[in-house]
Amino acid sequence: MNKKVKTISPSDISQPELHAYLLSAVAPRPICFASTVDKDGNVNLSPFSFFNVFSSNPPVLIFSPARSGRDGSMKHTHQNVLEVPEVVINIVNYPMVEQMSLSSTAYDKGVNEFEKTGFTQVKSDVVAPPRVGEAPVAMECTVTQVIPLADAPGAGNLILAKVERMHIQEEYLDADGQLDTQKLDLVGRMGGSWYTRSSGDSLFEIPKPVRNKGIGVDRLPTAVVNSAVLTGNNLGRLGNLENIPTAAEMEAIRTDDAVVMILSETNAAELVTKVHQLAQKWLEEGKTQEALALLFSYE
Ligand SMILES: Cc1cc2nc3c(=O)[nH]c(=O)nc-3n(C[C@H](O)[C@H](O)[C@H](O)COP(=O)(O)O)c2cc1C
């Protein structure tokens, strides 16, 4: 590999520049749409994409309101969870994205962004902050820890939120009662003002790594690993297979009609390319074991 690389030491560039690189690189990020209340019961609703699930036992989500990059001030959400350690984390899907974006406006403390954005405020079961009625999933949480990473402008504050109740709109469940990724159409935050939508062609499935451990790319023939035809994704799929093909499997593949045709039509110089192209076609068709046998037969 001979690619030109730009290398950055965080202390050599400004905080906004570093912020932009980090947020474009670490993406897409899920969005925690956090509803909180202050000690007087004023409701706040704001989005945070420094967010993820970190444990299912106990069920813990973490998000991070940062100190303002301009003046180091604390976000209202951060202030609220220190006053009332509870939060409802609402999950954002495509039909909600523009109203959610509006809620990130720096309204004054005490302004209720449910009202500003037109989202429906639904009373929670076990925590004070309300949930968003439109959200496909909403989780009532208690805040177990708030961990400041520093006091400087841009510094994050990890808010550890333990899930006490989960509300799922039934229209997003499939026949097995599981959340249906296609129906959910969740959105993710990218760098700048970009978002991503998870539906249609942007969704794809990869078979999970086999339980008994795949053979690994390192056990594929060298010509396959260095192929000008096969991609890294092709190699990953092949390396997930459990066994090197047997002599019988390789013998059988040599009699396959498509293989026989290649052998009859192709000169020796082109053979490897043609074999790799056929293996790639089989991989796309889901014939992974056959592709592996072919590649081991003509290495
Ligand atoms: C999709 C999205 C994701 C955001 N993620 C974060 C984040 O992870 N951390 C943060 O400090 N601000 C983030 N912001 C900006 C806050 O939402 C914004 O500062 C908001 O005004 C904070 O509201 P509050 O002061 O009422 O808590 C994000 C904004 C949007 C639109």
# chains A, B, ... in the order shown; residues from 1 in each chain; ligands from 1
>>> closest_atom_pairs(of="chain A", to="ligand 1", cutoff="6 Å", atoms="only C-alpha atoms and all ligand atoms", output="tab-separated table")
residue	atom	partner	partner_atom_place_in_ligand_line	distance
A:Asn44	CA	ligand 1	26 (O)	5.9
A:Ser46	CA	ligand 1	23 (O)	4.8
A:Pro47	CA	ligand 1	17 (O)	4.3
A:Phe48	CA	ligand 1	5 (N)	3.2
A:Ser49	CA	ligand 1	8 (O)	3.9
A:Phe50	CA	ligand 1	8 (O)	3.7
A:Ser64	CA	ligand 1	9 (N)	5.4
A:Pro65	CA	ligand 1	11 (O)	3.5
A:Ala66	CA	ligand 1	11 (O)	3.6
A:Lys75	CA	ligand 1	25 (O)	3.6
A:His76	CA	ligand 1	25 (O)	3.8
A:Thr77	CA	ligand 1	27 (O)	3.7
A:Ser101	CA	ligand 1	31 (C)	4.4
A:Ser104	CA	ligand 1	17 (O)	4.0
A:Thr105	CA	ligand 1	21 (O)	4.8
A:Ala106	CA	ligand 1	21 (O)	4.1
A:Arg189	CA	ligand 1	1 (C)	5.6
>>> residues_around(residues="Ala252 in chain A", least_positions_apart="6", cutoff="12 Å", atoms="only C-alpha atoms", output="CSV table (one decimal) with C-alpha atoms, in the first residue's frame")
chain,number,residue,atom,x,y,z
A,245,PRO,CA,-11.9,-27.5,0.5
A,246,THR,CA,-11.4,-31.3,0.3
A,259,VAL,CA,-15.5,-23.9,-15.0
A,260,VAL,CA,-15.2,-26.3,-18.0
A,290,GLU,CA,-18.1,-23.4,-4.3
A,293,ALA,CA,-13.3,-24.7,-3.8
A,294,LEU,CA,-12.7,-23.1,-7.2
A,297,SER,CA,-8.4,-25.7,-7.4
>>> residues_around(residues="Pro16 in chain A", least_positions_apart="3", cutoff="8 Å", atoms="only C-alpha atoms", output="list in words")
His19, Ala20 and Gly69 of chain A
>>> residues_around(residues="Ile62 in chain A", least_positions_apart="3", cutoff="12 Å", atoms="only C-alpha atoms", output="count of residues only")
31
>>> select_by_dssp(residues="range 53-268 of chain A", states="strand (DSSP E or B)", output="NGL selection string")
:A and (53-56 or 59-63 or 86-91 or 93 or 121-122 or 131-132 or 137-148 or 157-168 or 173 or 179 or 186-189 or 195-197)
>>> write_last_selection(atoms="N, CA and C atoms", output="compact mmCIF listing (two decimals), in the first residue's frame")
# COMPACT_ATOMS: atom_id res chain seq x y z
N VAL A 53 -24.97 2.36 23.15
CA VAL A 53 -25.29 1.41 24.22
C VAL A 53 -23.99 0.73 24.60
N PHE A 54 -23.73 0.58 25.90
CA PHE A 54 -22.46 0.00 26.34
C PHE A 54 -22.61 -1.29 27.12
N SER A 55 -23.83 -1.62 27.51
CA SER A 55 -24.01 -2.84 28.29
C SER A 55 -25.49 -3.20 28.24
N SER A 56 -25.78 -4.51 28.21
CA SER A 56 -27.19 -4.91 28.30
C SER A 56 -27.51 -5.52 29.66
N PRO A 59 -28.46 -2.72 31.71
CA PRO A 59 -28.66 -1.98 30.46
C PRO A 59 -28.22 -0.52 30.60
N VAL A 60 -27.08 -0.19 30.02
CA VAL A 60 -26.51 1.16 30.21
C VAL A 60 -26.24 1.83 28.85
N LEU A 61 -26.77 3.05 28.73
CA LEU A 61 -26.51 3.89 27.57
C LEU A 61 -25.63 5.05 28.06
N ILE A 62 -24.76 5.55 27.17
CA ILE A 62 -23.94 6.72 27.55
C ILE A 62 -24.05 7.76 26.44
N PHE A 63 -24.27 9.01 26.84
CA PHE A 63 -24.19 10.10 25.87
C PHE A 63 -23.38 11.23 26.49
N GLU A 86 -32.26 11.93 35.96
CA GLU A 86 -33.15 11.08 35.15
C GLU A 86 -33.15 11.61 33.73
N VAL A 87 -33.37 10.74 32.77
CA VAL A 87 -33.43 11.15 31.37
C VAL A 87 -34.27 10.14 30.59
N VAL A 88 -35.01 10.64 29.61
CA VAL A 88 -35.62 9.70 28.66
C VAL A 88 -34.82 9.81 27.37
N ILE A 89 -34.30 8.69 26.91
CA ILE A 89 -33.54 8.67 25.66
C ILE A 89 -34.46 8.16 24.57
N ASN A 90 -34.81 9.07 23.66
CA ASN A 90 -35.70 8.75 22.56
C ASN A 90 -34.85 8.47 21.33
N ILE A 91 -35.26 7.51 20.54
CA ILE A 91 -34.52 7.14 19.33
C ILE A 91 -35.17 7.85 18.13
N ASN A 93 -35.95 8.50 14.16
CA ASN A 93 -35.99 7.93 12.81
C ASN A 93 -36.28 9.02 11.78
N GLN A 121 -45.56 15.39 23.92
CA GLN A 121 -45.00 15.10 25.23
C GLN A 121 -45.86 14.03 25.91
N VAL A 122 -45.27 12.86 26.16
CA VAL A 122 -46.03 11.77 26.79
C VAL A 122 -45.44 11.51 28.17
N ARG A 131 -41.56 11.50 27.61
CA ARG A 131 -40.95 10.93 26.41
C ARG A 131 -41.58 11.53 25.17
N VAL A 132 -40.92 11.27 24.03
CA VAL A 132 -41.39 11.80 22.75
C VAL A 132 -42.36 10.79 22.15
N VAL A 137 -38.78 4.23 19.57
CA VAL A 137 -38.33 3.61 20.84
C VAL A 137 -37.99 4.75 21.80
N ALA A 138 -38.42 4.60 23.04
CA ALA A 138 -38.06 5.58 24.08
C ALA A 138 -37.69 4.80 25.33
N MET A 139 -36.59 5.23 25.97
CA MET A 139 -36.11 4.51 27.16
C MET A 139 -36.06 5.44 28.36
N GLU A 140 -36.83 5.10 29.38
CA GLU A 140 -36.79 5.87 30.63
C GLU A 140 -35.56 5.39 31.40
N CYS A 141 -34.72 6.33 31.81
CA CYS A 141 -33.45 5.95 32.44
C CYS A 141 -33.21 6.74 33.72
N THR A 142 -32.47 6.10 34.65
CA THR A 142 -31.91 6.85 35.77
C THR A 142 -30.44 7.10 35.46
N VAL A 143 -29.96 8.28 35.86
CA VAL A 143 -28.56 8.63 35.60
C VAL A 143 -27.74 8.13 36.78
N THR A 144 -26.81 7.22 36.52
CA THR A 144 -26.05 6.61 37.62
C THR A 144 -24.72 7.31 37.86
N GLN A 145 -24.18 7.97 36.82
CA GLN A 145 -22.89 8.66 36.97
C GLN A 145 -22.78 9.75 35.92
N VAL A 146 -22.12 10.84 36.27
CA VAL A 146 -21.77 11.87 35.27
C VAL A 146 -20.26 12.06 35.38
N ILE A 147 -19.58 11.79 34.29
CA ILE A 147 -18.11 11.84 34.33
C ILE A 147 -17.60 12.96 33.42
N PRO A 148 -17.14 14.09 34.02
CA PRO A 148 -16.58 15.16 33.18
C PRO A 148 -15.20 14.75 32.66
N ASN A 157 -18.85 15.28 28.65
CA ASN A 157 -19.31 14.85 29.98
C ASN A 157 -20.11 13.58 29.79
N LEU A 158 -19.54 12.46 30.22
CA LEU A 158 -20.22 11.19 29.98
C LEU A 158 -21.39 11.03 30.94
N ILE A 159 -22.55 10.84 30.40
CA ILE A 159 -23.74 10.63 31.24
C ILE A 159 -24.14 9.17 31.12
N LEU A 160 -23.97 8.44 32.22
CA LEU A 160 -24.30 7.01 32.22
C LEU A 160 -25.76 6.85 32.62
N ALA A 161 -26.55 6.28 31.72
CA ALA A 161 -27.99 6.20 31.93
C ALA A 161 -28.43 4.74 31.94
N LYS A 162 -29.02 4.33 33.06
CA LYS A 162 -29.46 2.93 33.19
C LYS A 162 -30.93 2.85 32.78
N VAL A 163 -31.22 1.94 31.87
CA VAL A 163 -32.58 1.83 31.33
C VAL A 163 -33.49 1.17 32.36
N GLU A 164 -34.59 1.87 32.70
CA GLU A 164 -35.56 1.34 33.66
C GLU A 164 -36.83 0.87 32.96
N ARG A 165 -37.16 1.48 31.83
CA ARG A 165 -38.36 1.12 31.05
C ARG A 165 -38.05 1.36 29.59
N MET A 166 -38.55 0.48 28.73
CA MET A 166 -38.36 0.67 27.29
C MET A 166 -39.73 0.68 26.65
N HIS A 167 -40.02 1.67 25.83
CA HIS A 167 -41.31 1.73 25.12
C HIS A 167 -41.03 1.59 23.63
N ILE A 168 -41.67 0.61 23.01
CA ILE A 168 -41.45 0.37 21.58
C ILE A 168 -42.80 0.47 20.88
N LEU A 173 -42.36 -3.49 15.06
CA LEU A 173 -41.99 -4.88 15.39
C LEU A 173 -42.30 -5.79 14.21
N LEU A 179 -37.49 -5.81 16.80
CA LEU A 179 -37.48 -4.52 16.08
C LEU A 179 -37.05 -4.78 14.64
N LEU A 186 -33.92 4.32 10.91
CA LEU A 186 -33.22 5.21 11.84
C LEU A 186 -32.28 6.16 11.10
N VAL A 187 -31.93 7.28 11.73
CA VAL A 187 -30.98 8.19 11.11
C VAL A 187 -29.72 8.27 11.97
N GLY A 188 -28.61 8.56 11.32
CA GLY A 188 -27.34 8.72 12.01
C GLY A 188 -26.73 10.05 11.64
N ARG A 189 -25.91 10.58 12.52
CA ARG A 189 -25.25 11.86 12.29
C ARG A 189 -23.87 11.62 11.71
N TYR A 195 -26.35 13.77 7.41
CA TYR A 195 -27.01 12.67 8.13
C TYR A 195 -27.02 11.45 7.23
N THR A 196 -27.27 10.30 7.80
CA THR A 196 -27.49 9.12 6.97
C THR A 196 -28.80 8.47 7.39
N ARG A 197 -29.41 7.83 6.41
CA ARG A 197 -30.71 7.20 6.64
C ARG A 197 -30.53 5.71 6.46
>>> closest_residue(among="A:Met96, A:Val272, A:Leu45, A:Met74", to="Glu113 in chain A", atoms="only C-alpha atoms")
A:Leu45
>>> select_by_dssp(residues="range 110-264 of chain A", states="helix (DSSP H, G or I)", output="ChimeraX atom specification")
/A:113-117,170-172,181-184,200-202,217-219,222-225,232-239,247-254,257-264
>>> closest_residue(among="A:Asp185, A:Glu17, A:Asp176, A:Asp125", to="Tyr94 in chain A", atoms="only C-alpha atoms")
A:Asp185
>>> atom_distance(atom1="CA of Phe114 in chain A", atom2="CA of Ala135 in chain A")
12.4 Å
>>> residues_around(residues="range 200-212 of chain A", least_positions_apart="3", cutoff="12 Å", atoms="only C-alpha atoms", output="compact mmCIF listing (two decimals) with C-alpha atoms, in the first residue's frame")
# COMPACT_ATOMS: atom_id res chain seq x y z
CA ASP A 180 -37.58 -4.43 12.29
CA THR A 181 -34.54 -2.56 10.95
CA GLN A 182 -36.18 -1.85 7.56
CA LYS A 183 -39.30 -0.36 9.14
CA LEU A 184 -37.37 1.63 11.75
CA ASP A 185 -35.54 3.79 9.18
CA LEU A 186 -33.22 5.21 11.84
CA VAL A 187 -30.98 8.19 11.11
CA THR A 196 -27.49 9.12 6.97
CA ARG A 197 -30.71 7.20 6.64
CA ILE A 215 -10.11 -20.24 8.31
CA GLY A 216 -8.98 -16.60 8.01
CA ASN A 233 -14.95 -7.87 1.17
CA ASN A 234 -14.65 -10.99 -1.01
CA GLY A 236 -13.47 -11.51 4.29
CA ARG A 237 -16.39 -13.64 3.17
CA LEU A 238 -14.05 -16.48 2.09
CA GLY A 239 -12.04 -16.31 5.32
CA ASN A 240 -15.27 -16.86 7.27
CA LEU A 241 -15.61 -20.40 5.92
CA GLU A 242 -14.74 -23.15 8.38
CA ASN A 243 -12.75 -25.59 6.28
CA GLU A 284 -22.29 -12.45 -5.10
CA GLY A 286 -24.10 -16.65 -2.16
CA THR A 288 -19.36 -19.18 -1.01
>>> atom_distance(atom1="CA of Glu270 in chain A", atom2="CA of Tyr298 in chain A")
11.9 Å
>>> atom_distance(atom1="CA of Val111 in chain A", atom2="CA of Leu23 in chain A")
27.7 Å
>>> closest_residue(among="A:Asn226, A:Pro129, A:Arg29, A:Glu98", to="Thr117 in chain A", atoms="only C-alpha atoms")
A:Glu98
>>> decode(residues="range 120-273 of chain A", atoms="C-alpha atoms", output="JSON list (two decimals), in the first residue's frame")
[["chain", "number", "residue", "atom", "x", "y", "z"],
["A", 120, "THR", "CA", -45.85, 15.14, 21.53],
["A", 121, "GLN", "CA", -45.00, 15.10, 25.23],
["A", 122, "VAL", "CA", -46.03, 11.77, 26.79],
["A", 123, "LYS", "CA", -45.86, 11.22, 30.56],
["A", 124, "SER", "CA", -43.25, 8.66, 31.62],
["A", 125, "ASP", "CA", -43.96, 5.70, 33.93],
["A", 126, "VAL", "CA", -41.04, 5.90, 36.38],
["A", 127, "VAL", "CA", -39.05, 9.10, 35.69],
["A", 128, "ALA", "CA", -39.96, 12.79, 35.69],
["A", 129, "PRO", "CA", -38.91, 13.77, 32.13],
["A", 130, "PRO", "CA", -41.59, 13.03, 29.50],
["A", 131, "ARG", "CA", -40.95, 10.93, 26.41],
["A", 132, "VAL", "CA", -41.39, 11.80, 22.75],
["A", 133, "GLY", "CA", -44.65, 10.27, 21.49],
["A", 134, "GLU", "CA", -43.38, 10.07, 17.90],
["A", 135, "ALA", "CA", -40.17, 8.15, 18.74],
["A", 136, "PRO", "CA", -40.19, 4.50, 17.62],
["A", 137, "VAL", "CA", -38.33, 3.61, 20.84],
["A", 138, "ALA", "CA", -38.06, 5.58, 24.08],
["A", 139, "MET", "CA", -36.11, 4.51, 27.16],
["A", 140, "GLU", "CA", -36.79, 5.87, 30.63],
["A", 141, "CYS", "CA", -33.45, 5.95, 32.44],
["A", 142, "THR", "CA", -31.91, 6.85, 35.77],
["A", 143, "VAL", "CA", -28.56, 8.63, 35.60],
["A", 144, "THR", "CA", -26.05, 6.61, 37.62],
["A", 145, "GLN", "CA", -22.89, 8.66, 36.97],
["A", 146, "VAL", "CA", -21.77, 11.87, 35.27],
["A", 147, "ILE", "CA", -18.11, 11.84, 34.33],
["A", 148, "PRO", "CA", -16.58, 15.16, 33.18],
["A", 149, "LEU", "CA", -13.62, 14.63, 30.82],
["A", 150, "ALA", "CA", -12.26, 18.19, 31.46],
["A", 151, "ASP", "CA", -13.50, 21.77, 32.03],
["A", 152, "ALA", "CA", -12.17, 23.24, 28.77],
["A", 153, "PRO", "CA", -14.37, 24.35, 25.82],
["A", 154, "GLY", "CA", -15.41, 21.26, 23.86],
["A", 155, "ALA", "CA", -14.85, 18.88, 26.80],
["A", 156, "GLY", "CA", -17.33, 16.01, 26.96],
["A", 157, "ASN", "CA", -19.31, 14.85, 29.98],
["A", 158, "LEU", "CA", -20.22, 11.19, 29.98],
["A", 159, "ILE", "CA", -23.74, 10.63, 31.24],
["A", 160, "LEU", "CA", -24.30, 7.01, 32.22],
["A", 161, "ALA", "CA", -27.99, 6.20, 31.93],
["A", 162, "LYS", "CA", -29.46, 2.93, 33.19],
["A", 163, "VAL", "CA", -32.58, 1.83, 31.33],
["A", 164, "GLU", "CA", -35.56, 1.34, 33.66],
["A", 165, "ARG", "CA", -38.36, 1.12, 31.05],
["A", 166, "MET", "CA", -38.36, 0.67, 27.29],
["A", 167, "HIS", "CA", -41.31, 1.73, 25.12],
["A", 168, "ILE", "CA", -41.45, 0.37, 21.58],
["A", 169, "GLN", "CA", -44.13, 1.38, 19.09],
["A", 170, "GLU", "CA", -45.62, -1.91, 17.92],
["A", 171, "GLU", "CA", -45.73, -0.85, 14.26],
["A", 172, "TYR", "CA", -41.92, -1.24, 14.24],
["A", 173, "LEU", "CA", -41.99, -4.88, 15.39],
["A", 174, "ASP", "CA", -41.77, -7.81, 12.99],
["A", 175, "ALA", "CA", -43.74, -11.07, 13.16],
["A", 176, "ASP", "CA", -41.26, -12.45, 15.74],
["A", 177, "GLY", "CA", -41.71, -9.43, 18.00],
["A", 178, "GLN", "CA", -38.24, -8.09, 17.15],
["A", 179, "LEU", "CA", -37.48, -4.52, 16.08],
["A", 180, "ASP", "CA", -37.58, -4.43, 12.29],
["A", 181, "THR", "CA", -34.54, -2.56, 10.95],
["A", 182, "GLN", "CA", -36.18, -1.85, 7.56],
["A", 183, "LYS", "CA", -39.30, -0.36, 9.14],
["A", 184, "LEU", "CA", -37.37, 1.63, 11.75],
["A", 185, "ASP", "CA", -35.54, 3.79, 9.18],
["A", 186, "LEU", "CA", -33.22, 5.21, 11.84],
["A", 187, "VAL", "CA", -30.98, 8.19, 11.11],
["A", 188, "GLY", "CA", -27.34, 8.72, 12.01],
["A", 189, "ARG", "CA", -25.25, 11.86, 12.29],
["A", 190, "MET", "CA", -22.21, 12.30, 10.08],
["A", 191, "GLY", "CA", -19.68, 15.17, 9.87],
["A", 192, "GLY", "CA", -20.74, 18.74, 9.03],
["A", 193, "SER", "CA", -24.46, 18.95, 8.38],
["A", 194, "TRP", "CA", -24.68, 15.42, 6.94],
["A", 195, "TYR", "CA", -27.01, 12.67, 8.13],
["A", 196, "THR", "CA", -27.49, 9.12, 6.97],
["A", 197, "ARG", "CA", -30.71, 7.20, 6.64],
["A", 198, "SER", "CA", -30.84, 3.45, 7.21],
["A", 199, "SER", "CA", -33.33, 2.09, 4.74],
["A", 200, "GLY", "CA", -33.47, 0.63, 1.22],
["A", 201, "ASP", "CA", -30.12, 0.12, -0.51],
["A", 202, "SER", "CA", -28.14, 1.51, 2.41],
["A", 203, "LEU", "CA", -28.99, -1.62, 4.44],
["A", 204, "PHE", "CA", -27.21, -4.92, 3.81],
["A", 205, "GLU", "CA", -26.62, -8.13, 5.72],
["A", 206, "ILE", "CA", -23.39, -10.04, 6.33],
["A", 207, "PRO", "CA", -23.47, -13.59, 7.70],
["A", 208, "LYS", "CA", -22.14, -13.47, 11.28],
["A", 209, "PRO", "CA", -18.67, -15.01, 11.76],
["A", 210, "VAL", "CA", -19.05, -18.76, 12.13],
["A", 211, "ARG", "CA", -19.02, -20.09, 15.69],
["A", 212, "ASN", "CA", -16.26, -22.62, 14.99],
["A", 213, "LYS", "CA", -13.85, -19.93, 13.72],
["A", 214, "GLY", "CA", -13.30, -19.14, 10.05],
["A", 215, "ILE", "CA", -10.11, -20.24, 8.31],
["A", 216, "GLY", "CA", -8.98, -16.60, 8.01],
["A", 217, "VAL", "CA", -7.65, -14.69, 5.02],
["A", 218, "ASP", "CA", -4.10, -15.80, 5.92],
["A", 219, "ARG", "CA", -4.94, -19.40, 4.93],
["A", 220, "LEU", "CA", -6.19, -18.48, 1.46],
["A", 221, "PRO", "CA", -3.77, -19.10, -1.46],
["A", 222, "THR", "CA", -1.33, -16.19, -1.97],
["A", 223, "ALA", "CA", -2.65, -15.54, -5.49],
["A", 224, "VAL", "CA", -6.14, -15.13, -4.03],
["A", 225, "VAL", "CA", -4.99, -12.71, -1.30],
["A", 226, "ASN", "CA", -3.08, -10.66, -3.91],
["A", 227, "SER", "CA", -5.82, -10.91, -6.57],
["A", 228, "ALA", "CA", -6.44, -7.90, -8.80],
["A", 229, "VAL", "CA", -10.08, -9.03, -9.11],
["A", 230, "LEU", "CA", -11.20, -10.08, -5.63],
["A", 231, "THR", "CA", -11.95, -7.30, -3.14],
["A", 232, "GLY", "CA", -11.28, -7.11, 0.59],
["A", 233, "ASN", "CA", -14.95, -7.87, 1.17],
["A", 234, "ASN", "CA", -14.65, -10.99, -1.01],
["A", 235, "LEU", "CA", -11.63, -12.14, 1.01],
["A", 236, "GLY", "CA", -13.47, -11.51, 4.29],
["A", 237, "ARG", "CA", -16.39, -13.64, 3.17],
["A", 238, "LEU", "CA", -14.05, -16.48, 2.09],
["A", 239, "GLY", "CA", -12.04, -16.31, 5.32],
["A", 240, "ASN", "CA", -15.27, -16.86, 7.27],
["A", 241, "LEU", "CA", -15.61, -20.40, 5.92],
["A", 242, "GLU", "CA", -14.74, -23.15, 8.38],
["A", 243, "ASN", "CA", -12.75, -25.59, 6.28],
["A", 244, "ILE", "CA", -10.22, -25.70, 3.45],
["A", 245, "PRO", "CA", -11.95, -27.51, 0.53],
["A", 246, "THR", "CA", -11.40, -31.26, 0.35],
["A", 247, "ALA", "CA", -9.85, -32.95, -2.68],
["A", 248, "ALA", "CA", -13.30, -34.30, -3.57],
["A", 249, "GLU", "CA", -14.85, -30.82, -3.47],
["A", 250, "MET", "CA", -12.12, -29.46, -5.70],
["A", 251, "GLU", "CA", -12.50, -32.40, -8.09],
["A", 252, "ALA", "CA", -16.25, -31.79, -8.30],
["A", 253, "ILE", "CA", -15.86, -28.08, -8.99],
["A", 254, "ARG", "CA", -13.57, -28.78, -11.96],
["A", 255, "THR", "CA", -16.50, -30.48, -13.71],
["A", 256, "ASP", "CA", -18.88, -27.53, -13.18],
["A", 257, "ASP", "CA", -20.16, -26.28, -16.58],
["A", 258, "ALA", "CA", -18.97, -22.71, -16.05],
["A", 259, "VAL", "CA", -15.52, -23.92, -15.04],
["A", 260, "VAL", "CA", -15.25, -26.29, -18.00],
["A", 261, "MET", "CA", -16.19, -23.42, -20.32],
["A", 262, "ILE", "CA", -13.51, -21.12, -18.87],
["A", 263, "LEU", "CA", -10.88, -23.82, -19.27],
["A", 264, "SER", "CA", -11.83, -24.43, -22.90],
["A", 265, "GLU", "CA", -11.92, -20.74, -23.86],
["A", 266, "THR", "CA", -9.09, -19.21, -21.82],
["A", 267, "ASN", "CA", -5.36, -19.21, -22.42],
["A", 268, "ALA", "CA", -3.01, -19.89, -19.53],
["A", 269, "ALA", "CA", -2.12, -16.21, -19.03],
["A", 270, "GLU", "CA", -5.76, -15.23, -18.47],
["A", 271, "LEU", "CA", -6.81, -18.27, -16.48],
["A", 272, "VAL", "CA", -6.28, -16.82, -12.99],
["A", 273, "THR", "CA", -8.22, -13.66, -13.84]]
